[in-house]
>>> print(open('structure03.pdb').read())   # PDB, C-alpha atoms, pLDDT in the B column
MODEL        1
ATOM      1  CA  MET Z 188      -7.550  13.932  14.166  1.00 88.00           C
ATOM      2  CA  LEU Z 189      -9.460  11.146  12.451  1.00 95.00           C
ATOM      3  CA  ARG Z 190      -7.783   7.822  11.707  1.00 97.00           C
ATOM      4  CA  PHE Z 191      -8.693   5.557   8.799  1.00 98.00           C
ATOM      5  CA  PRO Z 192      -6.948   2.176   8.821  1.00 98.00           C
ATOM      6  CA  LEU Z 193      -5.747   0.620   5.596  1.00 98.00           C
ATOM      7  CA  ALA Z 194      -8.767  -1.152   4.089  1.00 97.00           C
ATOM      8  CA  PRO Z 195      -9.118  -4.906   4.653  1.00 96.00           C
ATOM      9  CA  MET Z 196      -7.401  -6.957   1.965  1.00 96.00           C
ATOM     10  CA  SER Z 197      -9.412  -7.997  -1.075  1.00 95.00           C
ATOM     11  CA  GLY Z 198      -9.834 -11.722  -1.722  1.00 94.00           C
ATOM     12  CA  LEU Z 199      -7.070 -11.787  -4.358  1.00 93.00           C
ATOM     13  CA  ILE Z 200      -4.535 -10.010  -2.149  1.00 94.00           C
ATOM     14  CA  LEU Z 201      -5.539 -12.096   0.879  1.00 95.00           C
ATOM     15  CA  GLY Z 202      -5.078 -15.261  -1.207  1.00 95.00           C
ATOM     16  CA  LEU Z 203      -1.626 -14.165  -2.386  1.00 93.00           C
ATOM     17  CA  THR Z 204      -0.649 -13.274   1.183  1.00 95.00           C
ATOM     18  CA  ILE Z 205      -1.804 -16.649   2.531  1.00 95.00           C
ATOM     19  CA  LEU Z 206       0.091 -18.372  -0.277  1.00 93.00           C
ATOM     20  CA  VAL Z 207       3.452 -16.632   0.232  1.00 92.00           C
ATOM     21  CA  LEU Z 208       3.432 -15.896   3.979  1.00 93.00           C
ATOM     22  CA  PRO Z 209       4.547 -19.408   5.045  1.00 93.00           C
ATOM     23  CA  LEU Z 210       7.461 -19.418   2.558  1.00 92.00           C
ATOM     24  CA  PRO Z 211      10.194 -18.561   5.121  1.00 89.00           C
ATOM     25  CA  LEU Z 212       8.890 -21.283   7.466  1.00 89.00           C
ATOM     26  CA  LEU Z 213       8.967 -23.805   4.634  1.00 89.00           C
ATOM     27  CA  MET Z 214      12.507 -22.739   3.783  1.00 87.00           C
ATOM     28  CA  ILE Z 215      13.576 -23.089   7.440  1.00 85.00           C
ATOM     29  CA  TRP Z 216      11.967 -26.532   7.614  1.00 86.00           C
ATOM     30  CA  ILE Z 217      13.929 -27.556   4.505  1.00 84.00           C
ATOM     31  CA  ALA Z 218      17.122 -26.122   6.037  1.00 81.00           C
ATOM     32  CA  THR Z 219      16.698 -28.263   9.168  1.00 82.00           C
ATOM     33  CA  ARG Z 220      16.246 -31.536   7.256  1.00 80.00           C
ATOM     34  CA  ASP Z 221      19.052 -34.068   7.280  1.00 71.00           C
ATOM     35  CA  GLY Z 222      21.229 -33.671   4.242  1.00 73.00           C
ATOM     36  CA  ALA Z 223      20.178 -30.075   3.535  1.00 68.00           C
ATOM     37  CA  PRO Z 224      23.082 -27.768   2.711  1.00 72.00           C
ATOM     38  CA  GLY Z 225      23.985 -25.408   5.553  1.00 70.00           C
ATOM     39  CA  LEU Z 226      23.477 -22.444   3.244  1.00 77.00           C
ATOM     40  CA  MET Z 227      19.696 -23.065   3.110  1.00 76.00           C
ATOM     41  CA  TRP Z 228      19.309 -20.740   6.117  1.00 82.00           C
ATOM     42  CA  ILE Z 229      20.506 -17.751   4.085  1.00 87.00           C
ATOM     43  CA  PRO Z 230      17.534 -17.560   1.651  1.00 88.00           C
ATOM     44  CA  ALA Z 231      15.080 -18.228   4.499  1.00 87.00           C
ATOM     45  CA  LEU Z 232      16.470 -15.342   6.543  1.00 89.00           C
ATOM     46  CA  PHE Z 233      16.619 -13.103   3.456  1.00 92.00           C
ATOM     47  CA  VAL Z 234      12.936 -13.705   2.643  1.00 92.00           C
ATOM     48  CA  ALA Z 235      11.964 -13.175   6.295  1.00 92.00           C
ATOM     49  CA  ALA Z 236      13.898  -9.873   6.282  1.00 94.00           C
ATOM     50  CA  ILE Z 237      12.022  -8.763   3.153  1.00 94.00           C
ATOM     51  CA  TYR Z 238       8.694  -9.576   4.840  1.00 94.00           C
ATOM     52  CA  LEU Z 239       9.703  -7.558   7.901  1.00 95.00           C
ATOM     53  CA  PHE Z 240      10.785  -4.615   5.726  1.00 95.00           C
ATOM     54  CA  VAL Z 241       7.474  -4.649   3.827  1.00 94.00           C
ATOM     55  CA  TRP Z 242       5.449  -4.774   7.066  1.00 95.00           C
ATOM     56  CA  LEU Z 243       7.400  -2.024   8.849  1.00 96.00           C
ATOM     57  CA  TYR Z 244       8.380   0.312   6.005  1.00 95.00           C
ATOM     58  CA  MET Z 245       6.201  -0.273   2.915  1.00 95.00           C
ATOM     59  CA  ARG Z 246       2.705  -1.192   4.187  1.00 96.00           C
ATOM     60  CA  PRO Z 247       0.967   1.725   5.911  1.00 97.00           C
ATOM     61  CA  SER Z 248      -1.194   0.938   8.894  1.00 97.00           C
ATOM     62  CA  ALA Z 249      -3.413   4.019   8.689  1.00 98.00           C
ATOM     63  CA  PHE Z 250      -4.217   7.389   7.158  1.00 98.00           C
ATOM     64  CA  GLU Z 251      -4.703  10.213   9.674  1.00 98.00           C
ATOM     65  CA  VAL Z 252      -6.597  13.365   8.751  1.00 96.00           C
ATOM     66  CA  SER Z 253      -6.159  16.555  10.754  1.00 95.00           C
ATOM     67  CA  ASP Z 254      -7.276  20.095   9.976  1.00 92.00           C
ATOM     68  CA  ASP Z 255      -4.109  20.897   8.052  1.00 93.00           C
ATOM     69  CA  SER Z 256      -2.624  17.595   6.860  1.00 95.00           C
ATOM     70  CA  LEU Z 257      -3.081  14.007   5.816  1.00 97.00           C
ATOM     71  CA  ASP Z 258      -0.541  11.655   7.358  1.00 98.00           C
ATOM     72  CA  VAL Z 259       0.268   8.233   5.945  1.00 98.00           C
ATOM     73  CA  VAL Z 260       1.375   6.212   8.977  1.00 98.00           C
ATOM     74  CA  TRP Z 261       3.690   3.188   8.974  1.00 98.00           C
ATOM     75  CA  PRO Z 262       5.047   1.386  12.030  1.00 97.00           C
ATOM     76  CA  VAL Z 263       8.463   3.070  11.587  1.00 97.00           C
ATOM     77  CA  ARG Z 264       7.807   6.209   9.531  1.00 97.00           C
ATOM     78  CA  ARG Z 265       5.246   8.844   8.588  1.00 97.00           C
ATOM     79  CA  LEU Z 266       4.511  10.907   5.462  1.00 96.00           C
ATOM     80  CA  SER Z 267       2.758  14.219   6.055  1.00 97.00           C
ATOM     81  CA  VAL Z 268       0.882  15.802   3.145  1.00 96.00           C
ATOM     82  CA  PRO Z 269      -0.333  19.356   3.787  1.00 95.00           C
ATOM     83  CA  MET Z 270      -3.992  19.915   2.868  1.00 95.00           C
ATOM     84  CA  ALA Z 271      -2.850  22.911   0.793  1.00 94.00           C
ATOM     85  CA  ASP Z 272      -0.832  20.462  -1.382  1.00 95.00           C
ATOM     86  CA  ILE Z 273      -3.914  18.380  -2.301  1.00 96.00           C
ATOM     87  CA  THR Z 274      -5.563  19.770  -5.433  1.00 95.00           C
ATOM     88  CA  LYS Z 275      -8.190  17.093  -6.061  1.00 96.00           C
ATOM     89  CA  VAL Z 276      -9.580  13.979  -4.365  1.00 97.00           C
ATOM     90  CA  GLU Z 277     -11.207  11.173  -6.374  1.00 96.00           C
ATOM     91  CA  LEU Z 278     -12.843   7.851  -5.538  1.00 97.00           C
ATOM     92  CA  LEU Z 279     -12.654   5.308  -8.379  1.00 96.00           C
ATOM     93  CA  GLY Z 280     -13.753   1.703  -8.668  1.00 94.00           C
ATOM     94  CA  GLY Z 281     -11.356  -0.848 -10.099  1.00 91.00           C
ATOM     95  CA  ARG Z 282     -12.952  -0.906 -13.563  1.00 93.00           C
ATOM     96  CA  ASP Z 283     -13.084   2.889 -13.770  1.00 95.00           C
ATOM     97  CA  PHE Z 284      -9.437   3.095 -12.755  1.00 95.00           C
ATOM     98  CA  ARG Z 285      -8.374   0.546 -15.401  1.00 94.00           C
ATOM     99  CA  SER Z 286     -10.455   2.163 -18.134  1.00 94.00           C
ATOM    100  CA  ARG Z 287      -8.920   5.565 -17.380  1.00 95.00           C
ATOM    101  CA  TYR Z 288      -5.289   4.509 -16.789  1.00 95.00           C
ATOM    102  CA  GLY Z 289      -4.954   1.009 -18.246  1.00 92.00           C
ATOM    103  CA  TYR Z 290      -2.434  -1.371 -16.749  1.00 91.00           C
ATOM    104  CA  GLY Z 291       0.801  -0.326 -15.139  1.00 91.00           C
ATOM    105  CA  MET Z 292       4.101  -1.513 -13.816  1.00 94.00           C
ATOM    106  CA  ARG Z 293       4.626  -1.806 -10.070  1.00 93.00           C
ATOM    107  CA  ILE Z 294       7.939  -0.696  -8.598  1.00 93.00           C
ATOM    108  CA  GLY Z 295       8.013  -1.810  -4.982  1.00 89.00           C
ATOM    109  CA  ALA Z 296       6.246  -4.526  -3.012  1.00 88.00           C
ATOM    110  CA  GLY Z 297       3.225  -6.394  -4.260  1.00 86.00           C
ATOM    111  CA  GLY Z 298       1.175  -9.423  -3.323  1.00 84.00           C
ATOM    112  CA  LEU Z 299       2.089  -9.634   0.358  1.00 90.00           C
ATOM    113  CA  TRP Z 300      -0.523  -7.596   2.303  1.00 94.00           C
ATOM    114  CA  GLY Z 301      -1.176  -5.392  -0.758  1.00 95.00           C
ATOM    115  CA  GLY Z 302       0.764  -3.280  -3.208  1.00 94.00           C
ATOM    116  CA  PHE Z 303       3.115  -0.504  -2.116  1.00 96.00           C
ATOM    117  CA  GLY Z 304       5.622   1.781  -3.828  1.00 95.00           C
ATOM    118  CA  LEU Z 305       5.307   3.344  -7.275  1.00 97.00           C
ATOM    119  CA  LEU Z 306       2.761   2.411  -9.934  1.00 96.00           C
ATOM    120  CA  LYS Z 307       3.896   3.577 -13.380  1.00 97.00           C
ATOM    121  CA  MET Z 308       1.009   4.010 -15.802  1.00 95.00           C
ATOM    122  CA  LYS Z 309       1.248   5.289 -19.364  1.00 92.00           C
ATOM    123  CA  SER Z 310       0.128   8.805 -18.413  1.00 93.00           C
ATOM    124  CA  VAL Z 311       1.051   9.133 -14.712  1.00 96.00           C
ATOM    125  CA  THR Z 312       3.149   7.551 -11.970  1.00 97.00           C
ATOM    126  CA  PHE Z 313       1.389   7.110  -8.627  1.00 98.00           C
ATOM    127  CA  ARG Z 314       2.819   6.579  -5.175  1.00 97.00           C
ATOM    128  CA  PHE Z 315       0.551   3.757  -4.131  1.00 97.00           C
ATOM    129  CA  TYR Z 316      -0.421   2.052  -0.910  1.00 97.00           C
ATOM    130  CA  ILE Z 317      -3.295  -0.334  -1.593  1.00 97.00           C
ATOM    131  CA  SER Z 318      -4.775  -3.429   0.015  1.00 97.00           C
ATOM    132  CA  ARG Z 319      -7.713  -3.856  -2.372  1.00 95.00           C
ATOM    133  CA  MET Z 320      -8.363  -3.855  -6.105  1.00 91.00           C
ATOM    134  CA  ASP Z 321     -11.321  -1.435  -5.860  1.00 91.00           C
ATOM    135  CA  ASP Z 322     -12.448   1.740  -4.090  1.00 95.00           C
ATOM    136  CA  TYR Z 323      -9.236   3.555  -4.911  1.00 97.00           C
ATOM    137  CA  VAL Z 324      -8.770   7.047  -3.527  1.00 98.00           C
ATOM    138  CA  ILE Z 325      -6.549   9.297  -5.650  1.00 98.00           C
ATOM    139  CA  LEU Z 326      -5.059  12.389  -4.059  1.00 97.00           C
ATOM    140  CA  TRP Z 327      -3.748  14.747  -6.730  1.00 97.00           C
ATOM    141  CA  ARG Z 328      -0.948  16.935  -5.389  1.00 97.00           C
ATOM    142  CA  ARG Z 329       0.757  20.162  -6.397  1.00 94.00           C
ATOM    143  CA  ALA Z 330       4.276  19.289  -5.268  1.00 88.00           C
ATOM    144  CA  ASP Z 331       4.633  15.529  -5.695  1.00 95.00           C
ATOM    145  CA  ARG Z 332       3.272  12.413  -7.369  1.00 97.00           C
ATOM    146  CA  PRO Z 333      -0.398  11.671  -6.796  1.00 98.00           C
ATOM    147  CA  LEU Z 334      -1.195   9.188  -4.027  1.00 98.00           C
ATOM    148  CA  LEU Z 335      -3.276   6.094  -4.804  1.00 98.00           C
ATOM    149  CA  ILE Z 336      -4.558   4.608  -1.536  1.00 98.00           C
ATOM    150  CA  THR Z 337      -7.264   2.319  -0.148  1.00 98.00           C
ATOM    151  CA  PRO Z 338      -8.392   3.559   3.251  1.00 98.00           C
ATOM    152  CA  ALA Z 339     -11.189   1.847   5.156  1.00 97.00           C
ATOM    153  CA  LYS Z 340     -14.499   3.694   4.599  1.00 97.00           C
ATOM    154  CA  PRO Z 341     -13.273   5.375   1.402  1.00 97.00           C
ATOM    155  CA  ARG Z 342     -16.421   7.477   0.820  1.00 97.00           C
ATOM    156  CA  ALA Z 343     -16.270   8.974   4.326  1.00 97.00           C
ATOM    157  CA  PHE Z 344     -12.527   9.538   3.847  1.00 97.00           C
ATOM    158  CA  VAL Z 345     -13.087  11.433   0.556  1.00 97.00           C
ATOM    159  CA  GLU Z 346     -15.915  13.534   2.038  1.00 95.00           C
ATOM    160  CA  LEU Z 347     -13.750  14.441   5.020  1.00 95.00           C
ATOM    161  CA  LEU Z 348     -10.817  15.470   2.818  1.00 94.00           C
ATOM    162  CA  GLU Z 349     -13.046  17.493   0.505  1.00 89.00           C
ATOM    163  CA  GLY Z 350     -14.297  19.406   3.541  1.00 84.00           C
ATOM    164  CA  ARG Z 351     -10.777  20.111   4.834  1.00 74.00           C
ATOM    165  CA  ARG Z 352      -9.056  21.143   1.611  1.00 69.00           C
ATOM    166  CA  PRO Z 353      -8.587  24.901   1.236  1.00 67.00           C
ATOM    167  CA  GLY Z 354     -10.649  26.577  -1.457  1.00 60.00           C
TER     168      GLY Z 354
ENDMDL
END
>>> encode(input="structure03.pdb", output="structure tokens")
Amino acid sequence: MLRFPLAPMSGLILGLTILVLPLPLLMIWIATRDGAPGLMWIPALFVAAIYLFVWLYMRPSAFEVSDDSLDVVWPVRRLSVPMADITKVELLGGRDFRSRYGYGMRIGAGGLWGGFGLLKMKSVTFRFYISRMDDYVILWRRADRPLLITPAKPRAFVELLEGRRPG
């Protein structure tokens, strides 16, 4: 089994993450100030819980390729895609992706460590797990929505999958 971690964050996503990551700490600091309403802890804990949910459940840590499946791996769950379910594998740059699909609407998490969930475009809805705005890998599937992912070493990842797909 070969493991490809999620690609390092692009500058834009890293900047957004650095900007929003300290938000719960700022909210806790405000909650501990004299004169702050006691309810200030509630939004701080809520935002921290969202961050934890995104890290554990929405942001994959790796993509594992075996002879018969591709597994998307999170800290608390796993999605197994049989190789027989993958009909086509593509590697697209950011400009090529936008020229082909245009802009879309994200349904899920975005900005903190990447974008995760569903990406609704005019012509297709992707399940997406990205940490960059380029080198997208699209896995077209027979039985489900296509996957849009950004593994580390995307060219090697695509070559490996092409060699393992049946037919």
>>> closest_residue(input="structure03.pdb", among="Z:Val259, Z:Leu334, Z:Met188, Z:Val268", to="Met245 in chain Z", atoms="only C-alpha atoms")
Z:Val259
>>> atom_distance(input="structure03.pdb", atom1="CA of Lys309 in chain Z", atom2="CA of Met292 in chain Z")
9.2 Å
>>> closest_atom_pairs(input="structure03.pdb", of="range 277-341 of chain Z", to="range 195-200 of chain Z", cutoff="12 Å", atoms="all atoms listed in the file", output="Markdown table")
| residue | atom | partner | partner_atom | distance |
| --- | --- | --- | --- | --- |
| Z:Gly281 | CA | Z:Ser197 | CA | 11.7 |
| Z:Gly297 | CA | Z:Ile200 | CA | 8.8 |
| Z:Gly298 | CA | Z:Ile200 | CA | 5.9 |
| Z:Leu299 | CA | Z:Ile200 | CA | 7.1 |
| Z:Trp300 | CA | Z:Ile200 | CA | 6.5 |
| Z:Gly301 | CA | Z:Ile200 | CA | 5.9 |
| Z:Gly302 | CA | Z:Ile200 | CA | 8.6 |
| Z:Tyr316 | CA | Z:Met196 | CA | 11.8 |
| Z:Ile317 | CA | Z:Met196 | CA | 8.6 |
| Z:Ser318 | CA | Z:Met196 | CA | 4.8 |
| Z:Arg319 | CA | Z:Ser197 | CA | 4.7 |
| Z:Met320 | CA | Z:Ser197 | CA | 6.6 |
| Z:Asp321 | CA | Z:Ser197 | CA | 8.3 |
| Z:Asp322 | CA | Z:Ser197 | CA | 10.6 |
| Z:Thr337 | CA | Z:Pro195 | CA | 8.9 |
| Z:Pro338 | CA | Z:Pro195 | CA | 8.6 |
| Z:Ala339 | CA | Z:Pro195 | CA | 7.1 |
| Z:Lys340 | CA | Z:Pro195 | CA | 10.1 |
| Z:Pro341 | CA | Z:Pro195 | CA | 11.6 |
>>> residues_around(input="structure03.pdb", residues="Ser253 in chain Z", least_positions_apart="4", cutoff="12 Å", atoms="all atoms listed in the file", output="list in words")
Met188, Leu189, Arg190, Phe191, Leu257, Asp258, Val259, Ser267, Val268, Pro269, Met270, Phe344, Leu347, Leu348, Gly350, Arg351 and Arg352 of chain Z
>>> resolve_selection(input="structure03.pdb", expression="the PyMOL selection byres ((chain Z and resi 294) around 8)", output="list in words")
Met292, Arg293, Gly295, Ala296, Gly304, Leu305, Leu306 and Lys307 of chain Z
>>> atom_distance(input="structure03.pdb", atom1="CA of Arg328 in chain Z", atom2="CA of Leu266 in chain Z")
13.6 Å
>>> closest_residue(input="structure03.pdb", among="Z:Ala235, Z:Pro224, Z:Leu193, Z:Ser248", to="Val207 in chain Z", atoms="all atoms listed in the file")
Z:Ala235
>>> closest_residue(input="structure03.pdb", among="Z:Phe313, Z:Trp216, Z:Phe303, Z:Tyr238", to="Thr204 in chain Z", atoms="all atoms listed in the file")
Z:Tyr238
>>> atom_distance(input="structure03.pdb", atom1="CA of Val263 in chain Z", atom2="CA of Pro211 in chain Z")
22.6 Å
>>> residues_around(input="structure03.pdb", residues="Met308 in chain Z", least_positions_apart="2", cutoff="7 Å", atoms="all atoms listed in the file", output="list in words")
Tyr288, Tyr290, Gly291, Met292, Leu306, Ser310, Val311 and Thr312 of chain Z
>>> closest_residue(input="structure03.pdb", among="Z:Val276, Z:Val252, Z:Val345, Z:Ala271", to="Arg329 in chain Z", atoms="all atoms listed in the file")
Z:Ala271
>>> closest_residue(input="structure03.pdb", among="Z:Phe315, Z:Gly289, Z:Met214, Z:Leu203", to="Leu226 in chain Z", atoms="all atoms listed in the file")
Z:Met214
>>> residues_around(input="structure03.pdb", residues="Pro230 in chain Z", least_positions_apart="2", cutoff="12 Å", atoms="all atoms listed in the file", output="list in words")
Leu210, Pro211, Leu212, Leu213, Met214, Ile215, Ile217, Ala218, Pro224, Gly225, Leu226, Met227, Trp228, Leu232, Phe233, Val234, Ala235, Ala236 and Ile237 of chain Z
>>> closest_residue(input="structure03.pdb", among="Z:Arg314, Z:Leu208, Z:Gly202, Z:Thr219", to="Val241 in chain Z", atoms="only C-alpha atoms")
Z:Leu208
>>> decode(input="structure03.pdb", residues="range 314-340 of chain Z", atoms="N, CA and C atoms", output="compact mmCIF listing (two decimals), in the first residue's frame")
# COMPACT_ATOMS: atom_id res chain seq x y z
N ARG Z 314 -17.22 15.66 -4.84
CA ARG Z 314 -16.81 15.53 -3.44
C ARG Z 314 -15.38 16.01 -3.45
N PHE Z 315 -15.07 17.00 -2.63
CA PHE Z 315 -13.72 17.56 -2.74
C PHE Z 315 -13.01 17.64 -1.41
N TYR Z 316 -11.70 17.38 -1.50
CA TYR Z 316 -10.80 17.39 -0.35
C TYR Z 316 -9.49 18.00 -0.84
N ILE Z 317 -9.39 19.33 -0.77
CA ILE Z 317 -8.24 20.01 -1.35
C ILE Z 317 -7.52 20.88 -0.32
N SER Z 318 -6.23 21.03 -0.53
CA SER Z 318 -5.42 21.91 0.32
C SER Z 318 -4.64 22.90 -0.54
N ARG Z 319 -4.88 22.88 -1.83
CA ARG Z 319 -4.19 23.76 -2.78
C ARG Z 319 -5.20 24.25 -3.82
N MET Z 320 -4.79 25.24 -4.58
CA MET Z 320 -5.64 25.77 -5.64
C MET Z 320 -5.07 25.40 -7.02
N ASP Z 321 -4.28 24.32 -7.07
CA ASP Z 321 -3.71 23.84 -8.33
C ASP Z 321 -3.41 22.35 -8.19
N ASP Z 322 -2.97 21.75 -9.28
CA ASP Z 322 -2.65 20.31 -9.29
C ASP Z 322 -3.78 19.47 -8.71
N TYR Z 323 -4.97 19.71 -9.24
CA TYR Z 323 -6.14 18.94 -8.83
C TYR Z 323 -6.12 17.56 -9.49
N VAL Z 324 -6.46 16.55 -8.73
CA VAL Z 324 -6.66 15.22 -9.28
C VAL Z 324 -8.16 14.96 -9.23
N ILE Z 325 -8.72 14.58 -10.38
CA ILE Z 325 -10.15 14.24 -10.46
C ILE Z 325 -10.26 12.75 -10.70
N LEU Z 326 -11.02 12.09 -9.85
CA LEU Z 326 -11.28 10.67 -9.99
C LEU Z 326 -12.75 10.51 -10.37
N TRP Z 327 -12.98 10.17 -11.63
CA TRP Z 327 -14.35 9.96 -12.11
C TRP Z 327 -14.76 8.55 -11.72
N ARG Z 328 -15.99 8.44 -11.18
CA ARG Z 328 -16.45 7.17 -10.62
C ARG Z 328 -17.75 6.72 -11.26
N ARG Z 329 -17.94 5.41 -11.30
CA ARG Z 329 -19.17 4.83 -11.82
C ARG Z 329 -20.34 5.04 -10.87
N ALA Z 330 -20.11 4.82 -9.57
CA ALA Z 330 -21.21 4.69 -8.62
C ALA Z 330 -21.43 5.90 -7.71
N ASP Z 331 -20.65 6.94 -7.86
CA ASP Z 331 -20.79 8.07 -6.94
C ASP Z 331 -20.25 9.33 -7.61
N ARG Z 332 -20.33 10.43 -6.88
CA ARG Z 332 -19.80 11.70 -7.38
C ARG Z 332 -18.30 11.58 -7.63
N PRO Z 333 -17.78 12.33 -8.59
CA PRO Z 333 -16.33 12.33 -8.77
C PRO Z 333 -15.63 12.96 -7.56
N LEU Z 334 -14.42 12.49 -7.30
CA LEU Z 334 -13.60 13.04 -6.22
C LEU Z 334 -12.64 14.07 -6.81
N LEU Z 335 -12.53 15.20 -6.16
CA LEU Z 335 -11.55 16.24 -6.50
C LEU Z 335 -10.62 16.34 -5.30
N ILE Z 336 -9.35 15.96 -5.48
CA ILE Z 336 -8.42 15.89 -4.36
C ILE Z 336 -7.08 16.53 -4.73
N THR Z 337 -6.27 16.81 -3.72
CA THR Z 337 -4.92 17.33 -3.93
C THR Z 337 -3.93 16.51 -3.10
N PRO Z 338 -3.52 15.35 -3.62
CA PRO Z 338 -2.51 14.59 -2.90
C PRO Z 338 -1.12 15.19 -3.12
N ALA Z 339 -0.21 14.93 -2.20
CA ALA Z 339 1.19 15.27 -2.45
C ALA Z 339 1.67 14.42 -3.63
N LYS Z 340 2.59 14.95 -4.41
CA LYS Z 340 3.12 14.27 -5.60
C LYS Z 340 1.99 13.82 -6.54
